[in-house]
>>> print(open('data.json').read())   # JSON, C-alpha atoms
[["chain", "number", "residue", "atom", "x", "y", "z"],
["W", 1207, "MET", "CA", 52.36, -26.25, -0.65],
["W", 1208, "SER", "CA", 55.92, -25.47, 0.31],
["W", 1209, "HIS", "CA", 56.38, -22.35, 2.41],
["W", 1210, "GLU", "CA", 60.16, -22.42, 2.20],
["W", 1211, "ASN", "CA", 60.15, -20.21, -0.88],
["W", 1212, "PRO", "CA", 60.22, -16.54, 0.17],
["W", 1213, "LEU", "CA", 58.13, -15.58, -2.85],
["W", 1214, "THR", "CA", 55.36, -17.94, -1.72],
["W", 1215, "ILE", "CA", 55.39, -16.44, 1.76],
["W", 1216, "ASN", "CA", 55.32, -12.95, 0.28],
["W", 1217, "ARG", "CA", 52.39, -13.86, -1.99],
["W", 1218, "ILE", "CA", 50.41, -15.15, 1.01],
["W", 1219, "GLY", "CA", 51.08, -11.85, 2.80],
["W", 1220, "LEU", "CA", 49.92, -9.86, -0.24],
["W", 1221, "ASP", "CA", 46.75, -11.96, -0.54],
["W", 1222, "TYR", "CA", 45.94, -11.57, 3.15],
["W", 1223, "GLU", "CA", 46.42, -7.80, 3.21],
["W", 1224, "ARG", "CA", 44.37, -7.41, 0.01],
["W", 1225, "ALA", "CA", 41.57, -9.40, 1.65],
["W", 1226, "ARG", "CA", 41.74, -7.19, 4.77],
["W", 1227, "VAL", "CA", 41.42, -4.06, 2.59],
["W", 1228, "GLU", "CA", 38.48, -5.60, 0.74],
["W", 1229, "ALA", "CA", 36.70, -6.62, 3.95],
["W", 1230, "ALA", "CA", 37.16, -3.22, 5.60],
["W", 1231, "SER", "CA", 35.98, -1.46, 2.43],
["W", 1232, "ARG", "CA", 32.83, -3.58, 2.28],
["W", 1233, "ASN", "CA", 32.10, -2.93, 5.96],
["W", 1234, "ILE", "CA", 32.51, 0.82, 5.52],
["W", 1235, "ALA", "CA", 30.24, 0.74, 2.46],
["W", 1236, "GLN", "CA", 27.43, -0.99, 4.32],
["W", 1237, "ALA", "CA", 27.68, 1.06, 7.52],
["W", 1238, "ASN", "CA", 24.82, 3.41, 6.63],
["W", 1239, "ILE", "CA", 22.51, 1.03, 4.80],
["W", 1240, "ALA", "CA", 19.16, 1.09, 6.55],
["W", 1241, "SER", "CA", 16.83, -1.88, 6.89],
["W", 1242, "THR", "CA", 13.68, -2.76, 8.73],
["W", 1243, "PRO", "CA", 14.15, -3.76, 12.38],
["W", 1244, "GLY", "CA", 14.69, -7.47, 12.83],
["W", 1245, "THR", "CA", 17.10, -7.70, 9.93],
["W", 1246, "SER", "CA", 20.42, -9.34, 10.70],
["W", 1247, "PHE", "CA", 23.66, -7.87, 9.38],
["W", 1248, "THR", "CA", 27.06, -9.42, 8.81],
["W", 1249, "LEU", "CA", 30.56, -8.00, 8.93],
["W", 1250, "ASN", "CA", 33.22, -9.06, 6.45],
["W", 1251, "GLN", "CA", 36.46, -10.31, 7.92],
["W", 1252, "ALA", "CA", 39.63, -11.67, 6.30],
["W", 1253, "THR", "CA", 40.79, -14.96, 7.73],
["W", 1254, "LEU", "CA", 44.00, -16.91, 7.32],
["W", 1255, "SER", "CA", 43.60, -20.66, 7.82],
["W", 1256, "PRO", "CA", 46.33, -22.88, 9.32],
["W", 1257, "ASP", "CA", 47.22, -24.05, 5.80],
["W", 1258, "PHE", "CA", 47.67, -20.39, 4.77],
["W", 1259, "ARG", "CA", 44.53, -20.03, 2.67],
["W", 1260, "VAL", "CA", 43.06, -16.54, 2.69],
["W", 1261, "THR", "CA", 39.27, -16.22, 2.72],
["W", 1262, "LEU", "CA", 36.66, -13.59, 3.40],
["W", 1263, "ALA", "CA", 34.30, -14.68, 6.15],
["W", 1264, "SER", "CA", 31.05, -13.17, 7.32],
["W", 1265, "VAL", "CA", 30.48, -12.80, 11.04],
["W", 1266, "PRO", "CA", 27.27, -11.60, 12.68],
["W", 1267, "ALA", "CA", 27.14, -7.87, 13.35],
["W", 1268, "GLY", "CA", 25.17, -6.13, 16.00],
["W", 1269, "VAL", "CA", 22.32, -3.81, 15.18],
["W", 1270, "ARG", "CA", 21.71, -0.22, 16.15],
["W", 1271, "LEU", "CA", 18.25, 1.27, 15.96],
["W", 1272, "ALA", "CA", 17.56, 4.86, 14.95],
["W", 1273, "HIS", "CA", 14.29, 6.78, 15.17],
["W", 1274, "GLU", "CA", 13.69, 7.99, 11.62],
["W", 1275, "PRO", "CA", 9.94, 8.12, 10.99],
["W", 1276, "GLY", "CA", 10.42, 9.66, 7.53],
["W", 1277, "ASN", "CA", 12.61, 6.79, 6.29],
["W", 1278, "PRO", "CA", 10.77, 4.45, 3.91],
["W", 1279, "ARG", "CA", 12.30, 1.46, 5.72],
["W", 1280, "ALA", "CA", 10.95, 2.54, 9.11],
["W", 1281, "ASP", "CA", 8.61, 0.26, 10.99],
["W", 1282, "SER", "CA", 5.32, 1.35, 12.57],
["W", 1283, "GLN", "CA", 7.17, 3.03, 15.48],
["W", 1284, "GLY", "CA", 9.48, 4.90, 13.09],
["W", 1285, "MET", "CA", 12.54, 2.78, 13.92],
["W", 1286, "VAL", "CA", 15.17, 1.89, 11.32],
["W", 1287, "SER", "CA", 17.87, -0.74, 11.76],
["W", 1288, "TYR", "CA", 21.54, -0.14, 10.86],
["W", 1289, "PRO", "CA", 24.52, -2.49, 11.21],
["W", 1290, "ARG", "CA", 26.70, -1.81, 14.23],
["W", 1291, "ILE", "CA", 29.97, -1.07, 12.47],
["W", 1292, "ASP", "CA", 32.79, 0.79, 14.18],
["W", 1293, "LEU", "CA", 33.93, 3.12, 11.40],
["W", 1294, "VAL", "CA", 37.05, 4.18, 13.30],
["W", 1295, "ALA", "CA", 38.18, 0.57, 13.68],
["W", 1296, "GLU", "CA", 37.39, -0.18, 10.03],
["W", 1297, "MET", "CA", 39.35, 2.87, 8.85],
["W", 1298, "ALA", "CA", 42.28, 1.84, 11.07],
["W", 1299, "THR", "CA", 42.15, -1.65, 9.54],
["W", 1300, "LEU", "CA", 42.04, -0.11, 6.07],
["W", 1301, "VAL", "CA", 45.09, 2.06, 6.71],
["W", 1302, "SER", "CA", 47.14, -0.66, 8.42],
["W", 1303, "ALA", "CA", 46.30, -3.25, 5.75],
["W", 1304, "SER", "CA", 47.20, -0.78, 2.98],
["W", 1305, "ARG", "CA", 50.55, -0.06, 4.61],
["W", 1306, "ALA", "CA", 51.26, -3.73, 5.20],
["W", 1307, "TYR", "CA", 50.43, -4.44, 1.55],
["W", 1308, "GLU", "CA", 52.88, -1.72, 0.47],
["W", 1309, "ALA", "CA", 55.54, -3.23, 2.75],
["W", 1310, "ASN", "CA", 54.96, -6.64, 1.16],
["W", 1311, "VAL", "CA", 55.33, -5.09, -2.32],
["W", 1312, "ARG", "CA", 58.64, -3.50, -1.27],
["W", 1313, "ALA", "CA", 59.82, -6.83, 0.16],
["W", 1314, "PHE", "CA", 58.84, -8.59, -3.07],
["W", 1315, "ASN", "CA", 60.72, -6.03, -5.18],
["W", 1316, "ALA", "CA", 63.82, -6.31, -2.99],
["W", 1317, "LEU", "CA", 63.73, -10.11, -3.16],
["W", 1318, "HIS", "CA", 63.27, -10.00, -6.92],
["W", 1319, "SER", "CA", 66.25, -7.65, -7.28],
["W", 1320, "LEU", "CA", 68.41, -9.94, -5.14],
["W", 1321, "GLN", "CA", 67.47, -12.94, -7.24],
["W", 1322, "LEU", "CA", 68.31, -11.09, -10.46],
["W", 1323, "ALA", "CA", 71.63, -9.96, -9.01],
["W", 1324, "ALA", "CA", 72.42, -13.56, -7.98],
["W", 1325, "LEU", "CA", 71.67, -14.76, -11.51],
["W", 1326, "ASN", "CA", 73.94, -12.08, -13.00],
["W", 1327, "ILE", "CA", 76.94, -12.84, -10.77],
["W", 1328, "GLY", "CA", 78.09, -15.80, -12.86],
["W", 1329, "GLY", "CA", 77.46, -14.07, -16.18],
["W", 1330, "ARG", "CA", 79.72, -11.02, -15.70],
["W", 1331, "GLN", "CA", 83.29, -10.87, -16.86],
["W", 1332, "THR", "CA", 85.42, -8.29, -15.08]]
>>> encode(input="data.json", output="structure tokens")
Amino acid sequence: MSHENPLTINRIGLDYERARVEAASRNIAQANIASTPGTSFTLNQATLSPDFRVTLASVPAGVRLAHEPGNPRADSQGMVSYPRIDLVAEMATLVSASRAYEANVRAFNALHSLQLAALNIGGRQT
């Protein structure tokens, strides 16, 4: 894949930022899902490989225990397991990825306008 084309580079940026938004959204959605202690949780994370392929990867997440004896998922001691997700960090990722995506859209639109203007230069008679 040639990365000399600015549109290709812009598309990779759009794909990566979309994946970051998706990963942060999934992490936020699972932050308060209870499970029985001993359950392992994973965090979603967008990755960009050296050949510029964007993927969503799962990495192990820590666990936090809460004493909730009334929860149906509680064990015999009344403990419930939750994924250790830093909501502040996930929200910051969500905001920064959204803004970076918007910046990539603006760059794409500017590049597209420049290409159209370049095509019209030879066609105008003044």
>>> atom_distance(input="data.json", atom1="CA of Ala1272 in chain W", atom2="CA of Val1294 in chain W")
19.6 Å
>>> residues_around(input="data.json", residues="Pro1212 in chain W", least_positions_apart="4", cutoff="10 Å", atoms="all atoms listed in the file", output="ChimeraX atom specification")
/W:1208,1216-1218,1313-1314,1317
>>> residues_around(input="data.json", residues="Arg1290 in chain W", least_positions_apart="3", cutoff="10 Å", atoms="all atoms listed in the file", output="list in words")
Asn1233, Gln1236, Ala1237, Asn1238, Phe1247, Thr1248, Leu1249, Pro1266, Ala1267, Gly1268, Val1269, Arg1270, Leu1271, Ser1287 and Leu1293 of chain W
>>> residues_around(input="data.json", residues="Ala1263 in chain W", least_positions_apart="6", cutoff="7 Å", atoms="all atoms listed in the file", output="list in words")
Asn1250, Gln1251, Ala1252 and Thr1253 of chain W
>>> closest_residue(input="data.json", among="W:Ser1241, W:Thr1299, W:Asn1277, W:Ser1255", to="Glu1228 in chain W", atoms="all atoms listed in the file")
W:Thr1299
>>> atom_distance(input="data.json", atom1="CA of Leu1262 in chain W", atom2="CA of Asn1310 in chain W")
19.7 Å
>>> residues_around(input="data.json", residues="Ala1303 in chain W", least_positions_apart="5", cutoff="12 Å", atoms="all atoms listed in the file", output="PyMOL selection string")
chain W and resi 1219-1231+1252+1295-1298+1308-1310
